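Colleague: The structure under discussion is supplied below as structure tokens; questions concerning it will follow.
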Amino acid sequence: MENKLTIYNTLTRKKEVFEPINPPHVGMYVCGPTVYGDAHLGHARSGINFDILFRYLKYLGYKVRYVRNITDVGHLENDADSGEDKIQKKARLDQLEPMEVVKYFTDRYHQNMDHLNNLHPSIEPTASGHIIEQIELVKKILENGYAYESEGSLYFDVEKYNHDFQYGKLSGRRIEELLQNTRELAGQEEKKNAFDFALWKKADPKHIMHWPSPWSEGYPGWHLECSAMGKKYLGETFDIHGGGMDLLFPHHESEIAQANAAMGHDPVKYWMHNNMITVNGQKMGKSLNNFITLNEFFTGRHSALDQAYKPMTIRFFILQAHYRSPLDFSTDALKAAEKGMHKLFEAYHLLENLKPSKTSSIEIKSFENKCFEAMNDDLNTPMVIAQLFELAKAINLVNSGRESLTQNDIEQAKALMKLFLFDLLGLKDEKQEDDSELIDYLMGTLLKIRQEAKEKKDYATADMIRNELAKLKIQIKDTKEGAKWSFL
Ligand code: ZN
């Protein structure tokens, strides 16, 4: 079987065999959050999707540099070129320094991603930490004639760019349509065309976050940071750029334009976009009371939730859909996901106690082949999960004596489930972890009682504790730092 990963490239609109530019190195850039509020299901989906890709690429033997940025300046309301900076607005409402808002929500975002068991990116740069690089990039675009200055701000000249390159090649939008569809927004008078986007904005007197530049005291446009940081950490052309589908236009489209305008070539070989999550068929929105943050899921504190949901339930729920398909959230779907996931964990634990036979009636290798085939087919996680369910069914049949497995095949099945469930899909058996926390706690208490008994020379009690634990195959060793316990 050929073990080749294929991924759907949004730019070419087809599945392509993944061939890195400079193997075994892979550069991967994912647009991270704008940190002015708590993360929601959309953040979870993007985080988990690119975590799966990161895990699988590493498994295939690539040396992956995974960059995911934090947007802490320049992202204005309504994703437009006018309006207040999202972080500054939150800071004004809460009477905080903008950087206090950034720190608070960055920490919470990290906690959420840890709970979801997403591996940490290799580099996590911030927009405000790369102002110099962004100014340098604007200078280059200006020098090459694709930007113009207006009232201290700099705008990207989309029409001129489109004449020499092609604006819209990622999203499939045509400049003529853009012209018809762009609304005339207040504060846009400075631009030649409504679809031109800001590279650098002059700060008005009320604007708190601003930096000096050759043109004005101001701040960078939203699309600029990813172009500047991608180039800095992954080079002028790198392998993979990803994000949610909502970032495809104008954010990623403009990144391509900025790179071509500055360097004369495309910045990225493969563009990958995950689809959105709807709630009971509706788009998530603050006004619809269906905007549920991850923290609200984990605690159950939201009027649309009937209970708390564990992070792994959310993860499994998201992986049950292909990343390019829309995914509709409901509490019923979440409960079904929880149940399904536990069936897989139970089958895995069942493997520990299966009685081996002399022959196998099930071919484990064919499950393995199908799991790899599914992963290689544009990260088809629902297909991987379907195969694992089939395997779980088979394990249950072996347990009830209707099918058989040799010791060797039992070990293979265990390795297969471990690889896919835990290492590649990144799931964790939280119940098992809860149990081990409880055991730690109870053992600590027992050892304390035993220590107190010994101090009172009540050796009968101390010995009884030791002997009862021995029956459970737990041994106690007295060391200089106190008593230690372990399983025999
Ligand atoms: Zn970005």
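By convention in this document, the chains of the structure tokens carry letters A, B, ... by their order, each chain's residues are numbered from 1, and ligands are numbered from 1 in the order they are shown.
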Show me which residues line ligand 1, defined as having an atom within 10 Å of a ligand atom where only C-alpha atoms and all ligand atoms count, and present them as a ChimeraX atom specification.
Modeller: /A:29-34,68-71,127,222-227,229-230,241-244,247-248,251-252,254-255
Colleague: What's around region 444-458 of chain A at 10 Å? Count only C-alpha atoms, leave out sequence neighbours fewer than 3 positions away in its own chain, and write the answer as a PyMOL selection string.
Modeller: chain A and resi 438-441+461-466+469+476+482-485
Colleague: Keeping N, CA and C atoms, export the residues of the selection given above as a compact mmCIF listing (two decimals), in the first residue's frame.
Modeller:
# COMPACT_ATOMS: atom_id res chain seq x y z
N LEU A 438 -8.42 9.98 41.65
CA LEU A 438 -9.10 9.53 42.87
C LEU A 438 -8.22 8.54 43.64
N ILE A 439 -7.60 7.62 42.91
CA ILE A 439 -6.73 6.63 43.55
C ILE A 439 -5.57 7.35 44.27
N ASP A 440 -4.97 8.32 43.58
CA ASP A 440 -3.87 9.09 44.20
C ASP A 440 -4.32 9.70 45.52
N TYR A 441 -5.51 10.28 45.48
CA TYR A 441 -6.04 10.96 46.66
C TYR A 441 -6.27 9.97 47.81
N THR A 461 -2.78 -1.53 63.39
CA THR A 461 -3.45 -0.78 62.32
C THR A 461 -2.52 -0.60 61.12
N ALA A 462 -1.26 -0.22 61.39
CA ALA A 462 -0.29 0.00 60.30
C ALA A 462 -0.13 -1.27 59.46
N ASP A 463 -0.02 -2.41 60.14
CA ASP A 463 0.15 -3.67 59.40
C ASP A 463 -1.10 -4.05 58.63
N MET A 464 -2.26 -3.79 59.25
CA MET A 464 -3.50 -4.13 58.57
C MET A 464 -3.59 -3.36 57.23
N ILE A 465 -3.25 -2.07 57.24
CA ILE A 465 -3.31 -1.28 56.00
C ILE A 465 -2.36 -1.88 54.96
N ARG A 466 -1.15 -2.21 55.40
CA ARG A 466 -0.18 -2.79 54.47
C ARG A 466 -0.71 -4.10 53.87
N LEU A 469 -3.71 -3.68 51.44
CA LEU A 469 -3.26 -3.14 50.15
C LEU A 469 -2.53 -4.21 49.34
N ILE A 476 3.83 -1.06 49.62
CA ILE A 476 4.26 0.18 50.28
C ILE A 476 5.74 0.04 50.63
N GLY A 482 9.39 9.46 53.45
CA GLY A 482 8.05 8.97 53.81
C GLY A 482 7.69 7.74 53.01
N ALA A 483 6.46 7.26 53.23
CA ALA A 483 6.05 6.01 52.56
C ALA A 483 5.68 6.28 51.12
N LYS A 484 6.06 5.36 50.20
CA LYS A 484 5.72 5.47 48.78
C LYS A 484 4.93 4.22 48.41
N TRP A 485 3.99 4.38 47.47
CA TRP A 485 3.23 3.21 47.05
C TRP A 485 3.38 2.97 45.54
Colleague: Just the strand (DSSP E) stuff from region 23-229 of chain A, please, per backbone DSSP, written as a CSV table (one decimal) with all heavy atoms, in the first residue's frame.
Modeller:
chain,number,residue,atom,x,y,z
A,25,HIS,N,11.5,18.9,5.9
A,25,HIS,CA,11.0,20.0,6.7
A,25,HIS,C,9.6,20.4,6.1
A,25,HIS,O,9.4,20.3,4.9
A,25,HIS,CB,11.9,21.2,6.6
A,25,HIS,CG,13.2,20.9,7.2
A,25,HIS,ND1,13.5,20.9,8.5
A,25,HIS,CD2,14.4,20.5,6.6
A,25,HIS,CE1,14.7,20.6,8.7
A,25,HIS,NE2,15.3,20.3,7.6
A,26,VAL,N,8.7,20.7,7.0
A,26,VAL,CA,7.4,21.2,6.6
A,26,VAL,C,7.1,22.5,7.4
A,26,VAL,O,7.2,22.5,8.6
A,26,VAL,CB,6.3,20.2,6.9
A,26,VAL,CG1,4.9,20.8,6.6
A,26,VAL,CG2,6.4,18.9,6.0
A,27,GLY,N,6.7,23.5,6.7
A,27,GLY,CA,6.3,24.8,7.3
A,27,GLY,C,4.8,24.9,7.2
A,27,GLY,O,4.2,24.7,6.2
A,28,MET,N,4.2,25.2,8.4
A,28,MET,CA,2.8,25.2,8.4
A,28,MET,C,2.3,26.4,9.3
A,28,MET,O,2.8,26.6,10.4
A,28,MET,CB,2.4,23.9,9.1
A,28,MET,CG,1.0,23.8,9.6
A,28,MET,SD,0.8,22.0,10.1
A,28,MET,CE,-0.6,22.2,11.3
A,29,TYR,N,1.5,27.3,8.7
A,29,TYR,CA,1.1,28.5,9.3
A,29,TYR,C,-0.5,28.5,9.5
A,29,TYR,O,-1.2,28.2,8.5
A,29,TYR,CB,1.5,29.7,8.5
A,29,TYR,CG,1.2,31.0,9.2
A,29,TYR,CD1,2.3,31.7,9.8
A,29,TYR,CD2,-0.1,31.6,9.3
A,29,TYR,CE1,2.1,32.9,10.5
A,29,TYR,CE2,-0.3,32.8,9.9
A,29,TYR,CZ,0.8,33.5,10.5
A,29,TYR,OH,0.6,34.7,11.2
A,30,VAL,N,-1.0,28.7,10.7
A,30,VAL,CA,-2.4,28.7,10.9
A,30,VAL,C,-2.8,30.0,11.6
A,30,VAL,O,-2.1,30.4,12.5
A,30,VAL,CB,-2.8,27.5,11.7
A,30,VAL,CG1,-4.3,27.6,12.1
A,30,VAL,CG2,-2.5,26.2,11.0
A,63,LYS,N,9.7,16.9,9.7
A,63,LYS,CA,10.1,17.8,10.8
A,63,LYS,C,9.2,19.1,10.6
A,63,LYS,O,9.5,19.9,9.7
A,63,LYS,CB,11.5,18.2,10.7
A,63,LYS,CG,12.5,17.0,11.0
A,63,LYS,CD,13.9,17.5,11.2
A,63,LYS,CE,14.9,16.4,11.4
A,63,LYS,NZ,14.4,15.2,12.1
A,64,VAL,N,8.2,19.2,11.4
A,64,VAL,CA,7.2,20.3,11.2
A,64,VAL,C,7.4,21.5,12.0
A,64,VAL,O,7.6,21.4,13.2
A,64,VAL,CB,5.8,19.7,11.4
A,64,VAL,CG1,4.7,20.7,10.9
A,64,VAL,CG2,5.6,18.4,10.8
A,65,ARG,N,7.5,22.7,11.4
A,65,ARG,CA,7.5,23.9,12.2
A,65,ARG,C,6.0,24.5,12.0
A,65,ARG,O,5.6,24.9,10.9
A,65,ARG,CB,8.5,24.9,11.6
A,65,ARG,CG,8.6,26.2,12.5
A,65,ARG,CD,9.6,27.1,12.0
A,65,ARG,NE,11.0,26.6,12.2
A,65,ARG,CZ,12.0,27.1,11.5
A,65,ARG,NH1,11.9,28.1,10.8
A,65,ARG,NH2,13.2,26.5,11.7
A,66,TYR,N,5.3,24.5,13.1
A,66,TYR,CA,3.9,24.9,13.1
A,66,TYR,C,3.8,26.3,13.8
A,66,TYR,O,4.1,26.4,15.0
A,66,TYR,CB,3.1,23.8,13.9
A,66,TYR,CG,1.7,24.1,14.2
A,66,TYR,CD1,0.9,25.1,13.6
A,66,TYR,CD2,1.0,23.3,15.2
A,66,TYR,CE1,-0.4,25.3,13.9
A,66,TYR,CE2,-0.3,23.5,15.5
A,66,TYR,CZ,-1.0,24.5,14.8
A,66,TYR,OH,-2.3,24.7,15.1
A,67,VAL,N,3.5,27.2,13.0
A,67,VAL,CA,3.3,28.6,13.5
A,67,VAL,C,1.9,29.0,13.6
A,67,VAL,O,1.1,28.8,12.6
A,67,VAL,CB,4.0,29.6,12.6
A,67,VAL,CG1,3.9,31.1,13.1
A,67,VAL,CG2,5.5,29.3,12.3
A,68,ARG,N,1.4,29.4,14.8
A,68,ARG,CA,0.1,29.9,14.9
A,68,ARG,C,0.1,31.2,15.6
A,68,ARG,O,0.6,31.3,16.7
A,68,ARG,CB,-0.8,28.9,15.7
A,68,ARG,CG,-2.3,29.3,15.7
A,68,ARG,CD,-3.1,28.3,16.5
A,68,ARG,NE,-2.7,28.2,17.9
A,68,ARG,CZ,-2.9,27.2,18.7
A,68,ARG,NH1,-3.4,26.1,18.3
A,68,ARG,NH2,-2.4,27.2,20.0
A,147,ALA,N,0.9,50.1,-3.7
A,147,ALA,CA,0.2,50.7,-2.6
A,147,ALA,C,0.2,52.2,-2.8
A,147,ALA,O,1.0,52.7,-3.6
A,147,ALA,CB,0.9,50.4,-1.3
A,148,TYR,N,-0.7,52.9,-2.2
A,148,TYR,CA,-0.7,54.3,-2.2
A,148,TYR,C,-1.0,54.9,-0.9
A,148,TYR,O,-1.7,54.3,0.0
A,148,TYR,CB,-1.7,54.8,-3.3
A,148,TYR,CG,-3.1,54.4,-3.0
A,148,TYR,CD1,-4.0,55.2,-2.3
A,148,TYR,CD2,-3.6,53.2,-3.6
A,148,TYR,CE1,-5.3,54.7,-2.0
A,148,TYR,CE2,-4.9,52.8,-3.4
A,148,TYR,CZ,-5.8,53.5,-2.6
A,148,TYR,OH,-7.0,53.1,-2.3
A,149,GLU,N,-0.5,56.2,-0.7
A,149,GLU,CA,-0.7,56.8,0.6
A,149,GLU,C,-1.9,57.8,0.5
A,149,GLU,O,-2.1,58.4,-0.6
A,149,GLU,CB,0.6,57.6,1.0
A,149,GLU,CG,0.6,58.0,2.4
A,149,GLU,CD,1.9,58.7,2.8
A,149,GLU,OE1,2.9,58.6,2.1
A,149,GLU,OE2,1.9,59.4,3.8
A,150,SER,N,-2.7,57.8,1.5
A,150,SER,CA,-3.8,58.7,1.5
A,150,SER,C,-4.0,59.2,3.0
A,150,SER,O,-4.3,58.3,3.8
A,150,SER,CB,-5.0,58.0,0.9
A,150,SER,OG,-6.2,58.8,1.1
A,153,SER,N,-2.5,57.2,5.8
A,153,SER,CA,-2.7,55.8,5.8
A,153,SER,C,-2.2,55.2,4.4
A,153,SER,O,-2.1,55.9,3.4
A,153,SER,CB,-4.2,55.4,5.9
A,153,SER,OG,-4.6,55.8,7.2
A,154,LEU,N,-1.9,53.9,4.4
A,154,LEU,CA,-1.5,53.3,3.2
A,154,LEU,C,-2.5,52.2,2.8
A,154,LEU,O,-2.9,51.4,3.6
A,154,LEU,CB,-0.1,52.6,3.4
A,154,LEU,CG,1.0,53.7,3.0
A,154,LEU,CD1,2.0,53.7,4.1
A,154,LEU,CD2,1.5,53.4,1.7
A,155,TYR,N,-2.9,52.2,1.5
A,155,TYR,CA,-3.8,51.2,1.0
A,155,TYR,C,-3.2,50.4,-0.1
A,155,TYR,O,-2.4,50.8,-0.8
A,155,TYR,CB,-5.1,51.9,0.6
A,155,TYR,CG,-5.9,52.5,1.7
A,155,TYR,CD1,-5.8,53.9,1.9
A,155,TYR,CD2,-6.7,51.8,2.5
A,155,TYR,CE1,-6.4,54.5,3.0
A,155,TYR,CE2,-7.4,52.3,3.6
A,155,TYR,CZ,-7.2,53.7,3.8
A,155,TYR,OH,-7.9,54.3,4.9
A,156,PHE,N,-3.7,49.1,-0.2
A,156,PHE,CA,-3.3,48.2,-1.2
A,156,PHE,C,-4.1,48.5,-2.5
A,156,PHE,O,-5.3,48.6,-2.4
A,156,PHE,CB,-3.5,46.8,-0.8
A,156,PHE,CG,-2.9,45.8,-1.7
A,156,PHE,CD1,-1.6,45.3,-1.5
A,156,PHE,CD2,-3.5,45.3,-2.8
A,156,PHE,CE1,-0.9,44.4,-2.3
A,156,PHE,CE2,-2.9,44.3,-3.6
A,156,PHE,CZ,-1.6,43.9,-3.4
A,198,ALA,N,-6.5,48.2,3.8
A,198,ALA,CA,-5.5,49.0,4.6
A,198,ALA,C,-4.2,48.2,4.8
A,198,ALA,O,-4.3,47.0,5.2
A,198,ALA,CB,-6.0,49.5,5.9
A,199,LEU,N,-3.1,48.8,4.6
A,199,LEU,CA,-1.8,48.2,5.0
A,199,LEU,C,-1.3,48.8,6.2
A,199,LEU,O,-0.8,48.2,7.1
A,199,LEU,CB,-0.8,48.3,3.8
A,199,LEU,CG,-1.1,47.6,2.5
A,199,LEU,CD1,-0.1,48.1,1.4
A,199,LEU,CD2,-1.0,46.1,2.7
A,200,TRP,N,-1.6,50.1,6.3
A,200,TRP,CA,-1.2,50.9,7.5
A,200,TRP,C,-2.2,51.9,7.7
A,200,TRP,O,-2.6,52.6,6.8
A,200,TRP,CB,0.2,51.5,7.3
A,200,TRP,CG,0.7,52.2,8.6
A,200,TRP,CD1,0.6,53.5,8.9
A,200,TRP,CD2,1.3,51.6,9.7
A,200,TRP,NE1,1.1,53.8,10.1
A,200,TRP,CE2,1.6,52.6,10.6
A,200,TRP,CE3,1.7,50.3,10.0
A,200,TRP,CZ2,2.2,52.3,11.8
A,200,TRP,CZ3,2.4,50.0,11.2
A,200,TRP,CH2,2.6,51.0,12.1
A,201,LYS,N,-2.7,52.0,9.0
A,201,LYS,CA,-3.8,53.1,9.2
A,201,LYS,C,-3.2,54.1,10.2
A,201,LYS,O,-2.6,53.8,11.2
A,201,LYS,CB,-5.0,52.4,9.9
A,201,LYS,CG,-5.8,51.6,9.0
A,201,LYS,CD,-6.8,52.4,8.2
A,201,LYS,CE,-8.0,52.9,9.0
A,201,LYS,NZ,-8.9,53.7,8.1
A,202,LYS,N,-3.5,55.4,9.8
A,202,LYS,CA,-3.1,56.4,10.7
A,202,LYS,C,-4.0,56.4,11.9
A,202,LYS,O,-5.2,56.2,11.7
A,202,LYS,CB,-3.2,57.8,10.0
A,202,LYS,CG,-2.8,59.0,10.8
A,202,LYS,CD,-3.1,60.3,10.0
A,202,LYS,CE,-2.8,61.4,11.0
A,202,LYS,NZ,-3.0,62.7,10.3
A,218,GLY,N,0.7,55.2,13.7
A,218,GLY,CA,-0.5,54.4,13.4
A,218,GLY,C,-0.4,52.9,13.7
A,218,GLY,O,0.4,52.5,14.7
A,219,TYR,N,-1.1,52.1,13.0
A,219,TYR,CA,-1.1,50.6,13.3
A,219,TYR,C,-1.3,49.8,12.0
A,219,TYR,O,-1.8,50.4,11.0
A,219,TYR,CB,-2.1,50.3,14.3
A,219,TYR,CG,-3.5,50.7,14.0
A,219,TYR,CD1,-4.4,49.9,13.3
A,219,TYR,CD2,-3.9,52.1,14.2
A,219,TYR,CE1,-5.7,50.3,13.0
A,219,TYR,CE2,-5.2,52.5,13.9
A,219,TYR,CZ,-6.0,51.6,13.2
A,219,TYR,OH,-7.3,52.1,12.9
A,220,PRO,N,-0.8,48.5,12.0
A,220,PRO,CA,-0.9,47.8,10.7
A,220,PRO,C,-2.3,47.3,10.4
A,220,PRO,O,-3.1,47.1,11.3
A,220,PRO,CB,0.0,46.6,11.0
A,220,PRO,CG,0.0,46.4,12.5
A,220,PRO,CD,-0.2,47.8,13.1
Colleague: Which of these residues is nearest to Ser357 (chain A), using only C-alpha atoms: A:Val384, A:Met375, A:Ala394, A:Leu405?
Modeller: A:Leu405
Colleague: Counting only C-alpha atoms, which of A:Asp79, A:Glu177, A:Glu84, A:Glu124 gets nearest to Asp246 (chain A)?
Modeller: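 Distance minimum relative to Asp246 (chain A) lands on A:Asp79.
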Colleague: Taking the DSSP secondary structure from the backbone, can you list the residues of region 211-459 of chain A that are helix (DSSP H, G or I), as an MDAnalysis selection string?
Modeller: chainID A and resid 224:234 245:263 286:288 294:299 311:319 331:353 364:376 381:399 407:424 430:455 459
Colleague: Could you check the closest approach to Trp211 (chain A) for each of A:Ile135, A:Met272, A:Leu11, A:Ala228 and tell me which residue wins, using only C-alpha atoms?
Modeller: A:Ile135
Colleague: If you count only C-alpha atoms, which residues fall within 8 Å of Gly281 (chain A), apart from same-chain ones fewer than 2 positions away, as a ChimeraX atom specification?
Modeller: /A:278-279,283,328-329
